[in-house]
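Source file structure-v5.cif; content: mmCIF, C-alpha atoms.
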data_target
loop_
_atom_site.label_atom_id
_atom_site.label_comp_id
_atom_site.auth_asym_id
_atom_site.auth_seq_id
_atom_site.Cartn_x
_atom_site.Cartn_y
_atom_site.Cartn_z
CA MET A 1 34.22 -57.20 -62.70
CA LYS A 2 32.10 -54.24 -63.83
CA ARG A 3 31.46 -56.09 -67.08
CA PHE A 4 30.39 -59.13 -65.03
CA GLY A 5 27.82 -57.02 -63.16
CA ARG A 6 26.40 -55.28 -66.22
CA MET A 7 26.04 -58.55 -68.11
CA LEU A 8 24.43 -60.33 -65.17
CA MET A 9 21.90 -57.55 -64.62
CA LEU A 10 21.11 -57.50 -68.35
CA ILE A 11 20.56 -61.25 -68.34
CA PHE A 12 18.40 -61.05 -65.22
CA LEU A 13 16.10 -58.34 -66.55
CA ALA A 14 15.98 -59.22 -70.24
CA CYS A 15 15.80 -63.00 -70.08
CA PRO A 16 15.72 -64.48 -66.57
CA VAL A 17 15.66 -68.05 -67.86
CA LEU A 18 19.28 -67.63 -69.07
CA ALA A 19 20.54 -66.64 -65.62
CA ARG A 20 20.73 -70.25 -64.52
CA GLU A 21 23.53 -70.79 -67.05
CA TYR A 22 25.53 -67.67 -66.28
CA LEU A 23 27.68 -68.53 -63.26
CA ASP A 24 30.66 -70.72 -63.99
CA GLU A 25 30.89 -73.91 -61.95
CA SER A 26 33.66 -72.62 -59.69
CA MET A 27 31.69 -69.53 -58.63
CA ALA A 28 28.48 -71.55 -58.30
CA LEU A 29 30.29 -74.02 -56.02
CA LYS A 30 31.66 -71.23 -53.82
CA ILE A 31 28.26 -69.57 -53.47
CA GLY A 32 26.58 -72.93 -52.86
CA VAL A 33 28.98 -73.91 -50.10
CA LYS A 34 28.56 -70.53 -48.38
CA VAL A 35 24.76 -70.89 -48.44
CA TRP A 36 25.11 -74.43 -47.12
CA TYR A 37 27.22 -73.21 -44.18
CA ASN A 38 24.76 -70.42 -43.43
CA GLU A 39 21.77 -72.79 -43.46
CA SER A 40 23.18 -75.87 -41.71
CA GLY A 41 26.83 -75.34 -40.84
CA GLY A 42 28.04 -77.30 -43.86
CA LYS A 43 26.86 -80.59 -42.33
CA VAL A 44 25.84 -83.37 -44.71
CA ALA A 45 23.02 -84.33 -42.33
CA GLY A 46 21.75 -80.76 -42.64
CA LEU A 47 20.97 -81.35 -46.32
CA THR A 48 18.00 -83.49 -45.27
CA SER A 49 16.28 -81.97 -42.27
CA TRP A 50 12.85 -81.42 -40.75
CA VAL A 51 12.62 -78.62 -38.21
CA LYS A 52 10.53 -79.29 -35.13
CA GLY A 53 7.11 -77.70 -35.43
CA GLU A 54 7.22 -77.49 -39.23
CA SER A 55 4.89 -79.42 -41.54
CA PHE A 56 7.51 -79.93 -44.24
CA ALA A 57 11.03 -81.20 -44.81
CA SER A 58 13.87 -78.79 -45.60
CA MET A 59 16.20 -80.11 -48.26
CA GLY A 60 19.48 -79.13 -49.89
CA ILE A 61 21.86 -76.24 -49.33
CA GLY A 62 19.02 -73.72 -49.24
CA HIS A 63 16.65 -75.80 -47.12
CA PHE A 64 14.18 -75.95 -49.99
CA ILE A 65 10.65 -76.76 -48.84
CA TRP A 66 9.26 -80.25 -49.56
CA TYR A 67 5.68 -80.96 -48.48
CA PRO A 68 4.17 -84.42 -47.90
CA LYS A 69 1.08 -85.18 -49.97
CA ASN A 70 -1.25 -84.95 -46.96
CA VAL A 71 -0.24 -81.37 -46.06
CA THR A 72 -1.75 -78.19 -47.48
CA PRO A 73 1.15 -75.88 -48.44
CA GLU A 74 1.47 -72.67 -46.44
CA HIS A 75 4.54 -71.51 -48.32
CA GLY A 76 5.67 -71.95 -51.88
CA GLU A 77 7.24 -75.35 -52.43
CA SER A 78 10.72 -75.23 -53.89
CA PHE A 79 12.36 -78.66 -53.62
CA ALA A 80 10.13 -80.32 -56.23
CA LYS A 81 11.06 -77.48 -58.60
CA LEU A 82 14.74 -78.09 -57.83
CA LEU A 83 14.33 -81.78 -58.72
CA ARG A 84 12.82 -80.82 -62.07
CA TYR A 85 15.67 -78.38 -62.61
CA LEU A 86 18.26 -81.08 -61.89
CA ASP A 87 16.51 -83.49 -64.20
CA LYS A 88 16.52 -80.96 -67.05
CA HIS A 89 20.27 -80.51 -66.52
CA GLY A 90 21.03 -84.17 -67.02
CA ILE A 91 21.20 -85.36 -63.41
CA ASN A 92 20.24 -89.03 -63.19
CA LEU A 93 17.60 -88.95 -60.47
CA PRO A 94 16.44 -92.14 -58.73
CA ASP A 95 13.06 -93.36 -60.00
CA TRP A 96 11.33 -92.36 -56.76
CA LEU A 97 12.36 -88.72 -57.30
CA ARG A 98 11.38 -88.45 -60.96
CA GLU A 99 8.42 -86.43 -62.22
CA LYS A 100 5.26 -86.87 -60.10
CA GLN A 101 7.01 -89.19 -57.66
CA GLY A 102 9.30 -86.36 -56.57
CA HIS A 103 6.55 -83.79 -56.18
CA TYR A 104 5.75 -84.85 -52.61
CA CYS A 105 7.99 -85.74 -49.70
CA PRO A 106 7.63 -89.53 -49.22
CA TRP A 107 7.81 -89.18 -45.42
CA SER A 108 4.46 -88.03 -44.03
CA ASP A 109 5.65 -86.32 -40.84
CA ARG A 110 8.75 -85.41 -38.83
CA ASP A 111 8.75 -88.56 -36.69
CA THR A 112 8.64 -90.81 -39.75
CA PHE A 113 11.32 -88.69 -41.41
CA ARG A 114 13.65 -88.97 -38.41
CA LYS A 115 13.15 -92.73 -38.11
CA GLN A 116 14.29 -93.07 -41.72
CA ALA A 117 17.37 -90.87 -41.23
CA LYS A 118 19.79 -93.71 -42.07
CA SER A 119 17.66 -95.42 -44.72
CA ASP A 120 18.92 -96.13 -48.24
CA LYS A 121 16.58 -93.49 -49.65
CA MET A 122 17.85 -90.80 -47.28
CA ASN A 123 21.50 -91.69 -47.95
CA THR A 124 20.88 -91.62 -51.70
CA LEU A 125 19.26 -88.22 -51.33
CA ARG A 126 22.19 -86.79 -49.35
CA ILE A 127 24.69 -88.04 -51.93
CA LEU A 128 22.64 -86.39 -54.69
CA LEU A 129 22.53 -83.11 -52.79
CA VAL A 130 26.28 -83.09 -52.10
CA GLU A 131 27.08 -83.81 -55.75
CA THR A 132 24.79 -81.09 -57.12
CA ILE A 133 25.79 -78.10 -54.96
CA PRO A 134 26.77 -75.93 -57.99
CA LEU A 135 23.45 -76.64 -59.72
CA GLN A 136 21.55 -75.85 -56.52
CA ALA A 137 23.35 -72.50 -56.42
CA GLN A 138 22.44 -71.89 -60.07
CA TYR A 139 18.82 -72.68 -59.21
CA MET A 140 18.96 -70.05 -56.46
CA VAL A 141 20.42 -67.50 -58.88
CA LEU A 142 17.52 -68.25 -61.23
CA ARG A 143 15.08 -67.57 -58.39
CA LEU A 144 16.83 -64.23 -57.80
CA ALA A 145 16.56 -63.44 -61.51
CA GLU A 146 12.84 -64.13 -61.45
CA THR A 147 12.33 -62.02 -58.30
CA ILE A 148 14.26 -58.84 -59.16
CA PRO A 149 11.67 -57.47 -61.65
CA SER A 150 8.90 -57.98 -59.07
CA ILE A 151 10.95 -56.16 -56.43
CA LEU A 152 11.64 -53.23 -58.74
CA ASN A 153 7.96 -53.04 -59.68
CA GLN A 154 6.99 -52.65 -56.01
CA ILE A 155 9.54 -49.93 -55.30
CA PRO A 156 8.07 -46.43 -55.66
CA SER A 157 8.90 -44.88 -59.02
CA SER A 158 10.86 -42.10 -57.30
CA GLU A 159 13.27 -44.72 -55.87
CA ARG A 160 13.30 -47.29 -58.68
CA GLU A 161 16.22 -45.97 -60.69
CA ALA A 162 18.40 -45.64 -57.59
CA ALA A 163 17.47 -49.17 -56.50
CA SER A 164 18.39 -50.50 -59.96
CA VAL A 165 21.79 -48.85 -59.57
CA LYS A 166 22.25 -50.55 -56.19
CA PHE A 167 21.38 -53.93 -57.70
CA ASN A 168 23.95 -53.31 -60.44
CA GLN A 169 26.62 -52.32 -57.93
CA LEU A 170 26.08 -55.48 -55.89
CA MET A 171 26.27 -57.63 -59.00
CA THR A 172 29.75 -56.38 -59.88
CA THR A 173 31.27 -58.76 -57.31
CA PRO A 174 30.74 -62.40 -56.33
CA LYS A 175 30.24 -61.17 -52.74
CA GLY A 176 27.33 -59.03 -53.87
CA VAL A 177 25.73 -61.85 -55.84
CA PHE A 178 26.09 -64.16 -52.82
CA ALA A 179 24.54 -61.55 -50.51
CA LEU A 180 21.51 -61.14 -52.78
CA VAL A 181 21.04 -64.88 -53.29
CA ASP A 182 21.51 -65.77 -49.64
CA TYR A 183 19.29 -63.03 -48.23
CA LEU A 184 16.49 -63.88 -50.67
CA ASN A 185 16.73 -67.50 -49.54
CA PHE A 186 17.00 -66.43 -45.87
CA LYS A 187 14.12 -63.93 -45.60
CA GLY A 188 12.35 -64.00 -48.95
CA GLY A 189 11.52 -61.23 -51.37
CA GLY A 190 9.34 -59.22 -48.99
CA LEU A 191 6.63 -59.08 -51.63
CA GLY A 192 3.75 -60.31 -49.47
CA ASN A 193 1.75 -58.70 -46.68
CA LYS A 194 2.97 -56.94 -43.54
CA HIS A 195 4.22 -60.28 -42.17
CA HIS A 196 6.81 -60.34 -44.95
CA ASP A 197 8.29 -56.89 -44.32
CA TRP A 198 11.90 -57.98 -43.84
CA GLY A 199 12.66 -59.37 -47.28
CA LEU A 200 14.97 -58.30 -50.06
CA LEU A 201 12.56 -55.55 -51.16
CA GLN A 202 12.75 -53.85 -47.77
CA VAL A 203 16.54 -54.20 -47.63
CA MET A 204 17.01 -52.64 -51.07
CA ARG A 205 14.82 -49.68 -50.10
CA GLN A 206 16.69 -49.26 -46.80
CA MET A 207 19.97 -49.45 -48.69
CA LEU A 208 19.08 -46.13 -50.35
CA LYS A 209 19.42 -44.51 -46.91
CA ALA A 210 22.86 -45.98 -46.11
CA PRO A 211 25.78 -43.67 -45.18
CA GLU A 212 27.49 -42.47 -48.34
CA ASN A 213 30.95 -43.61 -47.25
CA LEU A 214 29.97 -47.30 -47.34
CA SER A 215 30.75 -49.60 -50.23
CA SER A 216 27.82 -51.35 -51.91
CA ILE A 217 28.24 -54.58 -49.95
CA GLU A 218 28.72 -52.65 -46.68
CA ALA A 219 25.57 -50.65 -47.43
CA PHE A 220 23.63 -53.85 -48.09
CA VAL A 221 24.76 -55.37 -44.77
CA TRP A 222 23.94 -52.13 -42.93
CA ALA A 223 20.47 -52.08 -44.51
CA ALA A 224 19.78 -55.75 -43.75
CA ASP A 225 20.85 -55.19 -40.14
CA VAL A 226 18.46 -52.25 -39.79
CA VAL A 227 15.54 -54.11 -41.39
CA LEU A 228 15.98 -57.19 -39.18
CA ALA A 229 16.34 -55.13 -36.00
CA ARG A 230 13.24 -53.12 -36.90
CA ARG A 231 11.29 -56.32 -37.49
CA VAL A 232 12.22 -57.64 -34.04
CA LEU A 233 11.40 -54.30 -32.42
CA HIS A 234 7.85 -54.49 -33.77
CA ALA A 235 7.36 -58.22 -33.22
CA ALA A 236 4.76 -59.56 -30.80
CA GLN A 237 5.85 -59.87 -27.17
CA ASP A 238 5.63 -63.67 -27.27
CA SER A 239 7.73 -63.88 -30.43
CA HIS A 240 11.06 -65.72 -30.33
CA GLN A 241 12.59 -63.36 -32.89
CA LYS A 242 14.62 -61.46 -30.30
CA GLU A 243 16.43 -64.69 -29.42
CA TRP A 244 17.38 -65.20 -33.05
CA LEU A 245 18.55 -61.66 -33.78
CA ASN A 246 22.24 -62.24 -32.94
CA GLY A 247 22.33 -65.19 -35.29
CA TRP A 248 20.71 -63.13 -38.02
CA HIS A 249 23.27 -60.35 -37.50
CA HIS A 250 26.09 -62.88 -37.77
CA ARG A 251 24.65 -64.21 -41.01
CA VAL A 252 24.35 -60.87 -42.78
CA TYR A 253 27.80 -59.78 -41.61
CA SER A 254 29.21 -62.93 -43.21
CA TYR A 255 28.51 -61.22 -46.55
CA LEU A 256 31.50 -58.97 -45.87
#
Mind converting the file's structure to C-alpha cells?
Amino acid sequence: MKRFGRMLMLIFLACPVLAREYLDESMALKIGVKVWYNESGGKVAGLTSWVKGESFASMGIGHFIWYPKNVTPEHGESFAKLLRYLDKHGINLPDWLREKQGHYCPWSDRDTFRKQAKSDKMNTLRILLVETIPLQAQYMVLRLAETIPSILNQIPSSEREAASVKFNQLMTTPKGVFALVDYLNFKGGGLGNKHHDWGLLQVMRQMLKAPENLSSIEAFVWAADVVLARRVLHAAQDSHQKEWLNGWHHRVYSYL
C-alpha cells in the first residue's frame, strides 16, 4: 500500500494527465459508488437532478454542474467536461450529447427539467451515468490530480513540505484517496476568495494541527470537522449552514 501511495503521488505531481488511468476498475467503482451515496443516497433518480433555487442541473455521481445555454455560469462547469472525457474513453454517447450538443443542458430551467423527468432522453442519460460510474470516479481523480499542485502552491512555504507528507500518507490507502476525492467534490479546493475558505486547501492546513495520536485518515476527518464548524460559526446570521452542519459531519465521518 505504501508503494501505491508513492506511485499515485508521483503520477499526480509529475504528470496529472496520467492519473485518470491509474485506479483499477474495481477501486474506481468502489470510490464512485461511495461518492454517489454521499451525493444522492445511491438513487438512480439522483444522477439527474436540479436543486431548487439553482440555475443549473446536477448530473452524475458527483453532481457535476451542467448549465443551460441561456444562463451565465457562476461556477465552473464540469458535466460537459465529463462528457468529453467519456467520449475520449470510447463511450458511445447519444448524438445529442456529442461535442457542442453536449456543452449545454438541453432543459432551460428546473420546471422544464422536472417535466421531462421520465422522458426518453432523461432515461438514456441515467442509464449512461449508471454504466459509467468507474469512469466518473476516474474523472474525479483527475480533477484531484490537477488541483493538488495549486493547493501546495498556496500553502505557505514553511508548511508545504509537511502538507506534501500528509497528502502522501492519505494516498497510501483507498480510504484516503476517497476522502480527498470526495471532499474536493463536496467543498471544492478552497482556492478562491474568503467565501471559499472551507475547501481542501483549508483542511490540509488544519490537518497539520491534528493531535499526534491520530492516523492520517483520522487527522483528515478531524481537520475537516474543524474547518466546517468554523465556517458555520462565522457564517451570516441568516445563513442556513447551521442546519446543514450535522449532515456535513456525517459525510466526513463516513471517510473512516
So which residues get picked by the PyMOL selection byres ((chain A and resi 206) around 8) here, written as a list in words?
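When the PyMOL selection byres ((chain A and resi 206) around 8) is applied, the selected residues are Gln202, Val203, Met204, Arg205, Met207, Leu208, Lys209, Ala210, Ala223, Ala224, Val226 and Val227 of chain A.
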What does the distance from CA of Lys121 in chain A to CA of Leu97 in chain A come to in Å, to one decimal?
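Rounded to one decimal, the two atoms are 10.0 Å apart.
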The PyMOL selection byres ((chain A and resi 71) around 12) on the file shown: which residues, as a PyMOL selection string?
chain A and resi 54-57+66-70+72-75+77+104-109
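CA of Arg110 in chain A sits 29.1 Å away from CA of Leu228 in chain A.
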Starting from the PyMOL selection byres ((chain A and resi 150) around 12), expand the selection into actual residues of this file and give them as a VMD selection string.
chain A and resid 12 to 13 143 to 149 151 to 155 160 189 to 192 200 to 201
Which polymer residues have any atom within 8 Å of an atom of His63 in chain A, counting all atoms listed in the file, with same-chain residues fewer than 4 positions away left out, as a list of chain:residue names?
A:Glu39, A:Leu47, A:Ser49, A:Ser58, A:Met59
Let me see the file: selected residues, C-alpha atoms, as an mmCIF file, keeping the file's coordinate frame.
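File written: out-v9.cif
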data_model
loop_
_atom_site.group_PDB
_atom_site.id
_atom_site.type_symbol
_atom_site.label_atom_id
_atom_site.label_comp_id
_atom_site.auth_asym_id
_atom_site.auth_seq_id
_atom_site.Cartn_x
_atom_site.Cartn_y
_atom_site.Cartn_z
ATOM 1 C CA GLU A 39 21.770 -72.790 -43.460
ATOM 2 C CA LEU A 47 20.970 -81.350 -46.320
ATOM 3 C CA SER A 49 16.280 -81.970 -42.270
ATOM 4 C CA SER A 58 13.870 -78.790 -45.600
ATOM 5 C CA MET A 59 16.200 -80.110 -48.260
#
At what distance in Å, to one decimal, does CA of Ser78 in chain A lie from CA of Phe64 in chain A?
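Taking CA of Phe64 in chain A and CA of Ser78 in chain A, their separation equals 5.3 Å.
Among the candidates A:Arg251, A:Lys81, A:Lys242, A:Lys115, the residue lying nearest to Phe186 in chain A is A:Arg251 (atoms considered: all atoms listed in the file).
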Go through A:Thr124, A:Gln138, A:Ser164, A:Ser119 one by one, measure the shortest atom-to-atom distance of each to Pro94 in chain A using only C-alpha atoms, and give the residue with the smallest value.
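Distance minimum relative to Pro94 in chain A lands on A:Thr124.
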Generate N, CA and C atoms for range 143-168 of chain A and emit them as a PDB file, keeping the file's coordinate frame.
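Written out: selection00.pdb:
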ATOM      1  N   ARG A 143      16.165 -68.116 -59.213  1.00  0.00           N
ATOM      2  CA  ARG A 143      15.080 -67.570 -58.390  1.00  0.00           C
ATOM      3  C   ARG A 143      15.287 -66.075 -58.172  1.00  0.00           C
ATOM      4  N   LEU A 144      16.536 -65.649 -57.939  1.00  0.00           N
ATOM      5  CA  LEU A 144      16.830 -64.230 -57.800  1.00  0.00           C
ATOM      6  C   LEU A 144      16.474 -63.485 -59.076  1.00  0.00           C
ATOM      7  N   ALA A 145      16.848 -64.068 -60.217  1.00  0.00           N
ATOM      8  CA  ALA A 145      16.560 -63.440 -61.510  1.00  0.00           C
ATOM      9  C   ALA A 145      15.066 -63.243 -61.716  1.00  0.00           C
ATOM     10  N   GLU A 146      14.286 -64.211 -61.280  1.00  0.00           N
ATOM     11  CA  GLU A 146      12.840 -64.130 -61.450  1.00  0.00           C
ATOM     12  C   GLU A 146      12.200 -63.151 -60.465  1.00  0.00           C
ATOM     13  N   THR A 147      12.893 -62.860 -59.356  1.00  0.00           N
ATOM     14  CA  THR A 147      12.330 -62.020 -58.300  1.00  0.00           C
ATOM     15  C   THR A 147      12.661 -60.540 -58.473  1.00  0.00           C
ATOM     16  N   ILE A 148      13.826 -60.228 -59.041  1.00  0.00           N
ATOM     17  CA  ILE A 148      14.260 -58.840 -59.160  1.00  0.00           C
ATOM     18  C   ILE A 148      13.227 -57.945 -59.865  1.00  0.00           C
ATOM     19  N   PRO A 149      12.672 -58.348 -61.006  1.00  0.00           N
ATOM     20  CA  PRO A 149      11.670 -57.470 -61.650  1.00  0.00           C
ATOM     21  C   PRO A 149      10.472 -57.184 -60.746  1.00  0.00           C
ATOM     22  N   SER A 150      10.035 -58.185 -59.976  1.00  0.00           N
ATOM     23  CA  SER A 150       8.900 -57.980 -59.070  1.00  0.00           C
ATOM     24  C   SER A 150       9.259 -57.001 -57.960  1.00  0.00           C
ATOM     25  N   ILE A 151      10.490 -57.089 -57.467  1.00  0.00           N
ATOM     26  CA  ILE A 151      10.950 -56.160 -56.430  1.00  0.00           C
ATOM     27  C   ILE A 151      10.972 -54.737 -56.984  1.00  0.00           C
ATOM     28  N   LEU A 152      11.555 -54.564 -58.155  1.00  0.00           N
ATOM     29  CA  LEU A 152      11.640 -53.230 -58.740  1.00  0.00           C
ATOM     30  C   LEU A 152      10.253 -52.652 -59.016  1.00  0.00           C
ATOM     31  N   ASN A 153       9.322 -53.499 -59.403  1.00  0.00           N
ATOM     32  CA  ASN A 153       7.960 -53.040 -59.680  1.00  0.00           C
ATOM     33  C   ASN A 153       7.255 -52.539 -58.415  1.00  0.00           C
ATOM     34  N   GLN A 154       7.644 -53.064 -57.257  1.00  0.00           N
ATOM     35  CA  GLN A 154       6.990 -52.650 -56.010  1.00  0.00           C
ATOM     36  C   GLN A 154       7.704 -51.482 -55.327  1.00  0.00           C
ATOM     37  N   ILE A 155       8.841 -51.099 -55.840  1.00  0.00           N
ATOM     38  CA  ILE A 155       9.540 -49.930 -55.300  1.00  0.00           C
ATOM     39  C   ILE A 155       8.939 -48.673 -55.920  1.00  0.00           C
ATOM     40  N   PRO A 156       8.645 -47.665 -55.111  1.00  0.00           N
ATOM     41  CA  PRO A 156       8.070 -46.430 -55.660  1.00  0.00           C
ATOM     42  C   PRO A 156       8.896 -45.903 -56.829  1.00  0.00           C
ATOM     43  N   SER A 157       8.220 -45.340 -57.804  1.00  0.00           N
ATOM     44  CA  SER A 157       8.900 -44.880 -59.020  1.00  0.00           C
ATOM     45  C   SER A 157      10.014 -43.883 -58.720  1.00  0.00           C
ATOM     46  N   SER A 158       9.840 -43.098 -57.656  1.00  0.00           N
ATOM     47  CA  SER A 158      10.860 -42.100 -57.300  1.00  0.00           C
ATOM     48  C   SER A 158      12.158 -42.744 -56.809  1.00  0.00           C
ATOM     49  N   GLU A 159      12.101 -44.020 -56.397  1.00  0.00           N
ATOM     50  CA  GLU A 159      13.270 -44.720 -55.870  1.00  0.00           C
ATOM     51  C   GLU A 159      13.781 -45.809 -56.819  1.00  0.00           C
ATOM     52  N   ARG A 160      13.022 -46.093 -57.866  1.00  0.00           N
ATOM     53  CA  ARG A 160      13.300 -47.290 -58.680  1.00  0.00           C
ATOM     54  C   ARG A 160      14.641 -47.222 -59.393  1.00  0.00           C
ATOM     55  N   GLU A 161      14.950 -46.079 -59.970  1.00  0.00           N
ATOM     56  CA  GLU A 161      16.220 -45.970 -60.690  1.00  0.00           C
ATOM     57  C   GLU A 161      17.402 -46.139 -59.746  1.00  0.00           C
ATOM     58  N   ALA A 162      17.321 -45.520 -58.569  1.00  0.00           N
ATOM     59  CA  ALA A 162      18.400 -45.640 -57.590  1.00  0.00           C
ATOM     60  C   ALA A 162      18.549 -47.078 -57.107  1.00  0.00           C
ATOM     61  N   ALA A 163      17.422 -47.767 -56.929  1.00  0.00           N
ATOM     62  CA  ALA A 163      17.470 -49.170 -56.500  1.00  0.00           C
ATOM     63  C   ALA A 163      18.092 -50.045 -57.588  1.00  0.00           C
ATOM     64  N   SER A 164      17.791 -49.752 -58.848  1.00  0.00           N
ATOM     65  CA  SER A 164      18.390 -50.500 -59.960  1.00  0.00           C
ATOM     66  C   SER A 164      19.910 -50.328 -59.953  1.00  0.00           C
ATOM     67  N   VAL A 165      20.352 -49.112 -59.658  1.00  0.00           N
ATOM     68  CA  VAL A 165      21.790 -48.850 -59.570  1.00  0.00           C
ATOM     69  C   VAL A 165      22.410 -49.684 -58.457  1.00  0.00           C
ATOM     70  N   LYS A 166      21.730 -49.765 -57.318  1.00  0.00           N
ATOM     71  CA  LYS A 166      22.250 -50.550 -56.190  1.00  0.00           C
ATOM     72  C   LYS A 166      22.341 -52.035 -56.553  1.00  0.00           C
ATOM     73  N   PHE A 167      21.319 -52.541 -57.236  1.00  0.00           N
ATOM     74  CA  PHE A 167      21.380 -53.930 -57.700  1.00  0.00           C
ATOM     75  C   PHE A 167      22.605 -54.131 -58.591  1.00  0.00           C
ATOM     76  N   ASN A 168      22.808 -53.212 -59.523  1.00  0.00           N
ATOM     77  CA  ASN A 168      23.950 -53.310 -60.440  1.00  0.00           C
ATOM     78  C   ASN A 168      25.270 -53.295 -59.688  1.00  0.00           C
TER      79      ASN A 168
END
